[in-house]
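I have placed the structure first, in the form of structure tokens, so that the comments after it can refer back to it.
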Amino acid sequence: MLGPQVPINHPLVQLFASTVDEVMRLHVASHGQEPIRDYLTRLLVEFMRAERLDAIKDSEGRPLRTLSEMMAAGDVRQNADSFEQEREVNRLLGDLILFGSGVMPAYLHRMPLGDGWFGPADYTEKGRESYEVVSSFDYGDFANEADLFRALAEQFDDYVWVLKRVTERVPLYAA
């Protein structure tokens with residue numbers, strides 16, 4: 001989480017929580033999943049800060065701009081210094097793609113891809129894969145979050161749909 005955490009009783013948090021809950025109740029595949037509802041609410045609140053779009057950084061603290069750079073930063077075979085960094089970068093990348101797909105698709109599709117090998121249809125798959133990596137950390141301090149990220153990976157398209165419906169009810173972005 002970037003910056004100070006927004007209190008759970010803040011009106012913005014309450015607005016997002018009630019809207020996400022309302023939309024999820026209408027969507028059978030995501031009905032009754034409180035941890036997901038809470039995660040999507042926190043995601044919306046966090047991305048209200050523009051710096052959240054630049055959360056993935058290189059070793060010198062500079063924001064990474066291309067999807068291929070972000071992917072390399074989240075892979076211990078390339079630029080990640082540890083498995084924990086791999087997990088965190090993949091969480092951030094999954095979050096960015098989920099938020100971008102549901103709330104700001106124009107931003108996501110304008111993101112430089114790098115290496116010329118990635119296309120718009122691959123964003124959903126990359127978001128899903130990033131959450132799968134995070135869910136594979138099912139031990140120690142990460143064990144209690146593994147199921148949450150597994151669900152995000154398995155139902156990625158459903159949660160994009162939820163965020164799109166939230167955006168229709170609470171105008172968050174105009175491209």
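Residues are referred to by chain and number: the chain letter is A, B, ... according to the order shown in the structure tokens, the number counts from 1 in that chain, and ligands are numbered separately from 1 in the order shown.
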Spatial neighbours of A:Leu44, max dist 12 Å, only C-alpha atoms, sep filter under 4 positions, as a PyMOL selection string:
chain A and resi 1+6+12-17+19-20+37-40+48-50+52-53+95-96+98-100+102-104+162-164+166-167+170-173
Residues of stretch 88-166 of chain A in helix (DSSP H, G or I), written as a PyMOL selection string
chain A and resi 88-102+105-110+122-135+140-154+156-166
How about saving the chosen residues, C-alpha atoms kept, as a PDB file, in the first residue's frame?
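Result file follows (result_26.pdb):
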```pdb
ATOM      1  CA  GLU A  88       5.236  -8.496  -4.745  1.00  0.00           C
ATOM      2  CA  VAL A  89       5.897  -7.353  -8.317  1.00  0.00           C
ATOM      3  CA  ASN A  90       3.448  -9.945  -9.645  1.00  0.00           C
ATOM      4  CA  ARG A  91       0.836  -8.765  -7.139  1.00  0.00           C
ATOM      5  CA  LEU A  92       1.361  -5.173  -8.243  1.00  0.00           C
ATOM      6  CA  LEU A  93       1.245  -6.167 -11.921  1.00  0.00           C
ATOM      7  CA  GLY A  94      -1.923  -8.216 -11.422  1.00  0.00           C
ATOM      8  CA  ASP A  95      -3.472  -5.248  -9.607  1.00  0.00           C
ATOM      9  CA  LEU A  96      -2.463  -2.815 -12.343  1.00  0.00           C
ATOM     10  CA  ILE A  97      -3.902  -5.015 -15.088  1.00  0.00           C
ATOM     11  CA  LEU A  98      -7.090  -5.791 -13.154  1.00  0.00           C
ATOM     12  CA  PHE A  99      -7.668  -2.111 -12.368  1.00  0.00           C
ATOM     13  CA  GLY A 100      -6.674  -1.015 -15.868  1.00  0.00           C
ATOM     14  CA  SER A 101      -8.895  -3.606 -17.549  1.00  0.00           C
ATOM     15  CA  GLY A 102     -11.917  -2.747 -15.435  1.00  0.00           C
ATOM     16  CA  PRO A 105      -8.767   0.270 -20.381  1.00  0.00           C
ATOM     17  CA  ALA A 106      -7.555   3.190 -22.502  1.00  0.00           C
ATOM     18  CA  TYR A 107      -4.627   3.731 -20.103  1.00  0.00           C
ATOM     19  CA  LEU A 108      -3.756   0.063 -20.147  1.00  0.00           C
ATOM     20  CA  HIS A 109      -3.808  -0.162 -23.933  1.00  0.00           C
ATOM     21  CA  ARG A 110      -1.597   2.930 -24.234  1.00  0.00           C
ATOM     22  CA  ASP A 122      -2.601 -10.716 -23.722  1.00  0.00           C
ATOM     23  CA  TYR A 123      -3.320  -8.296 -20.862  1.00  0.00           C
ATOM     24  CA  THR A 124      -5.997 -10.452 -19.256  1.00  0.00           C
ATOM     25  CA  GLU A 125      -3.823 -13.533 -19.496  1.00  0.00           C
ATOM     26  CA  LYS A 126      -0.849 -11.679 -17.988  1.00  0.00           C
ATOM     27  CA  GLY A 127      -2.986 -10.411 -15.096  1.00  0.00           C
ATOM     28  CA  ARG A 128      -4.239 -13.931 -14.484  1.00  0.00           C
ATOM     29  CA  GLU A 129      -0.689 -15.338 -14.632  1.00  0.00           C
ATOM     30  CA  SER A 130       0.584 -12.690 -12.217  1.00  0.00           C
ATOM     31  CA  TYR A 131      -2.046 -13.595  -9.640  1.00  0.00           C
ATOM     32  CA  GLU A 132      -1.271 -17.305 -10.172  1.00  0.00           C
ATOM     33  CA  VAL A 133       2.370 -16.605  -9.277  1.00  0.00           C
ATOM     34  CA  VAL A 134       1.239 -14.772  -6.132  1.00  0.00           C
ATOM     35  CA  SER A 135      -1.100 -17.629  -5.178  1.00  0.00           C
ATOM     36  CA  GLY A 140       4.565 -18.880   5.894  1.00  0.00           C
ATOM     37  CA  ASP A 141       3.326 -15.306   6.038  1.00  0.00           C
ATOM     38  CA  PHE A 142       1.753 -15.655   2.589  1.00  0.00           C
ATOM     39  CA  ALA A 143      -0.378 -18.741   3.258  1.00  0.00           C
ATOM     40  CA  ASN A 144      -3.451 -16.802   4.401  1.00  0.00           C
ATOM     41  CA  GLU A 145      -3.587 -14.851   1.106  1.00  0.00           C
ATOM     42  CA  ALA A 146      -2.978 -17.721  -1.323  1.00  0.00           C
ATOM     43  CA  ASP A 147      -6.665 -18.598  -1.761  1.00  0.00           C
ATOM     44  CA  LEU A 148      -7.574 -14.960  -2.402  1.00  0.00           C
ATOM     45  CA  PHE A 149      -5.042 -14.639  -5.210  1.00  0.00           C
ATOM     46  CA  ARG A 150      -5.970 -18.061  -6.597  1.00  0.00           C
ATOM     47  CA  ALA A 151      -9.577 -16.852  -6.856  1.00  0.00           C
ATOM     48  CA  LEU A 152      -8.456 -13.601  -8.497  1.00  0.00           C
ATOM     49  CA  ALA A 153      -6.493 -15.637 -11.060  1.00  0.00           C
ATOM     50  CA  GLU A 154      -9.238 -18.174 -11.735  1.00  0.00           C
ATOM     51  CA  PHE A 156      -9.997 -12.664 -13.409  1.00  0.00           C
ATOM     52  CA  ASP A 157     -12.549 -11.862 -16.130  1.00  0.00           C
ATOM     53  CA  ASP A 158     -15.372 -11.858 -13.569  1.00  0.00           C
ATOM     54  CA  TYR A 159     -13.588  -9.285 -11.439  1.00  0.00           C
ATOM     55  CA  VAL A 160     -12.816  -7.121 -14.473  1.00  0.00           C
ATOM     56  CA  TRP A 161     -16.570  -7.226 -15.122  1.00  0.00           C
ATOM     57  CA  VAL A 162     -17.270  -6.195 -11.509  1.00  0.00           C
ATOM     58  CA  LEU A 163     -14.908  -3.205 -11.790  1.00  0.00           C
ATOM     59  CA  LYS A 164     -16.495  -2.172 -15.095  1.00  0.00           C
ATOM     60  CA  ARG A 165     -19.952  -2.205 -13.493  1.00  0.00           C
ATOM     61  CA  VAL A 166     -18.645  -0.229 -10.498  1.00  0.00           C
TER      62      VAL A 166
END
```
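Relative to atom CA of A:Asp54, atom CA of A:Asp138 is found at 26.9 Å.
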